[in-house]
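These notes are about the structure you will find just below.
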Amino acid sequence: MIKTPLPGPKAKAIIDRDAKVVSPSYTRDYPLVIARGDGAVVEDVDGNIFLDCTAGIAVTSTGHSHPDVVKAIVEQAGKFLHMSGTDFYYEVQVRLGEALSAIAPMTGPHRSFFGNSGTEAVEAALKLAKYHTKRHGIIAFFGAFHGRSMGSLSLTASKITQRKGFAPFVPGTYHAPYPDMYRSGLSADECAARSIDFIEQQLFVHLVPPDEVAAIVVEPIQGEGGYLVPPHAFLQRLRELASKHGIVLVADEVQSGMGRTGKMFAIEHAGVEPDVVTIAKGIASGLPLGIATARSEFMDWPPGAHASTFGGNPVACAAALATITLLRDSLIKNADVVGAHFMAGAKALMEKHPIIGDVRGRGLMIGIELVRDRTTKERATSERDALVKECFKRGLLVLGAGRNAIRISPPLVLSTQQADEALTLLDQAMTAIGK
């Protein structure tokens with residue numbers, strides 16, 4: 001429910017103050033200034049109510065300020081806030097390590113490294129793979145987003161603005177095509193083969209021998225690249241390729257993990273076990289936490305090889321434990337059921353709005369690709385940006401993904417009624433932009 005023209009007077013005042021003191025490198029697609037949130041709903045400082053289909057970029061997995069998570073945070077904060085788990089011990093970090101081992105998408109035993117963010121989790125995975133294999137090469141994929149610190153940025157190949165001005169990057173980093181079922185026009189097997197063949201027939205022949213590659217880092221569903229869902233054969237053949245050459249397979253589940261796709265981790269849909277999984281975003285329902293969980297035999301680095309003063313903060317660990325319980329009890333199932341409902345509704349909108357070229361995803365990780373012509377598949381880039389803003393004006397929060405898609409990544413508490421409300425607002429917004 002929108003009460004005032006956006007941005008309202010209180011929001012505008014805060015935005016003006018922000019412009020004077022906050023880094024201009026941040027990306028703000030529209031002027032939302034949040035005051036509070038509850039479940040899948042947020043209220044701004046002027047009293048406007050929005051249905052949130054962003055979850056703070058797939059972070060507030062259990063909804064805004066879930067009472068169980070808040071209770072866990074308050075209880076832990078009342079005991080102690082920090083003691084640096086890299087130098088001392090505390091049980092809540094051990095309990096989280098045990099919980100992660102119970103849900104990890106590969107056979108155990110497991111060990112976990114704790115950091116503060118997704119990019120730190122990826123950095124840990126990169127260093128671990130290099131240390132374990134004594135190799136230097138890393139293979140990632142075009143369209144990938146793995147973070148913005150220098151190691152993970154070297155893997156990132158999503159938007160040029162994320163890389164411009166920061167070269168040179170970490171040497172020994174190579175990229176291969178990520179399967180795009182919609183744009184390739186190929187069968188699932190052919191689409192998977194195109195990517196795998198590029199690695200085997202191009203990278204391994206012309207650029208880097210496989211015995212110098214430490215890791216292949218892959219998003220089981222590509223996030224910033226457009227919410228691309230690859231065929232199962234792609235991930236299965238990656239696993240075979242990595243095993244054949246002694247390469248560490250790293251599944252970057254920072255955005256796709258923690259129940260978002262209707263399973264705890266997206267790679268489980270393909271029946272593939274990675275060697276390392278990186279976790280962040282939805283793991284602690286909004287508190288900063290990034291984790292690299294690996295098979296124990298891979299985590300063979302010695303004390304001092306890698307650490308993080310704030311990583312595995314006790315309050316964040318407590319929030320993560322509460323989050324995992326909620327996910328396992330009901331929210332993974334809800335993501336599956338409500339996600340299927342939302343997907344069906346979004347596909348139904350294709351009959352009314354020819355700008356929708358493709359609807360794809362799993363669970364509550366849904367991408368809607370916009371095109372100017374369904375035959376040529378010309379990317380509707382400016383139209384996508386206009387749609388995101390129009391949704392905001394109507395009380396629906398969405399974000400872009402890739403060059404011309406929008407992402408639907410709400411809190412996993414989203415109800416079918418709220419999904420229908422979101423679809424109605426999306427329908428209205430498309431009509432408003434004449435598409």
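Lettering and numbering for the structure tokens are positional, with chains as A, B, ... in the shown order, residues counted from 1 in each chain, and ligands counted from 1 in the shown order.
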Picked from range 127-207 of chain A by DSSP as strand (DSSP E), as a count of residues only: 9
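Omitting Phe141 in chain A and its sequence neighbours fewer than 3 positions away, and counting only C-alpha atoms, the residues within 9 Å are A:Ala144, A:Phe145, A:Leu155, A:Thr156, A:Ala157, A:Tyr174, A:His175, A:Ala176, A:Pro177, A:Tyr178, A:Val217, A:Val218, A:Glu219.
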Would you pick out the contacts of range 291-307 of chain A at 9 Å or less, using only C-alpha atoms, so that residues sharing its chain but fewer than 3 positions from it are not included, and give the list as a VMD selection string? chain A and resid 86 97 100 to 101 104 106 to 118 120 to 125 127 to 129 131 to 133 248 250 254 274 to 280 283 311 to 312
Taking only C-alpha atoms into account, name the residue in A:Val59, A:Leu32, A:Leu81, A:Ile221 that is nearest to Pro288 in chain A. A:Val59
Leaving out Arg379 in chain A and any residue of its chain fewer than 6 positions from it, which residues lie within 10 Å of it when counting only C-alpha atoms, given as a PyMOL selection string? chain A and resi 355+357+369-373+403-405
Those same residues, written as a short mmCIF file (atom, residue, chain, number, x, y, z; two decimals), in the first residue's frame with C-alpha atoms?
data_model
loop_
_atom_site.label_atom_id
_atom_site.label_comp_id
_atom_site.auth_asym_id
_atom_site.auth_seq_id
_atom_site.Cartn_x
_atom_site.Cartn_y
_atom_site.Cartn_z
CA ILE A 355 7.74 -9.10 -23.49
CA GLY A 357 10.48 -14.49 -23.29
CA GLU A 369 13.63 -12.87 -19.01
CA LEU A 370 12.30 -9.94 -21.01
CA VAL A 371 12.68 -9.64 -24.78
CA ARG A 372 11.53 -7.21 -27.45
CA ASP A 373 10.71 -10.03 -29.83
CA ARG A 403 21.13 -7.92 -18.76
CA ASN A 404 17.38 -8.27 -19.22
CA ALA A 405 15.80 -10.50 -16.58
#
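In this structure, CA of Phe169 in chain A sits 12.9 Å away from CA of Gly137 in chain A.
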Between A:Ala215, A:Ala322, A:Leu249, A:Met258, single out the one closest to Pro411 in chain A, counting only C-alpha atoms. A:Met258
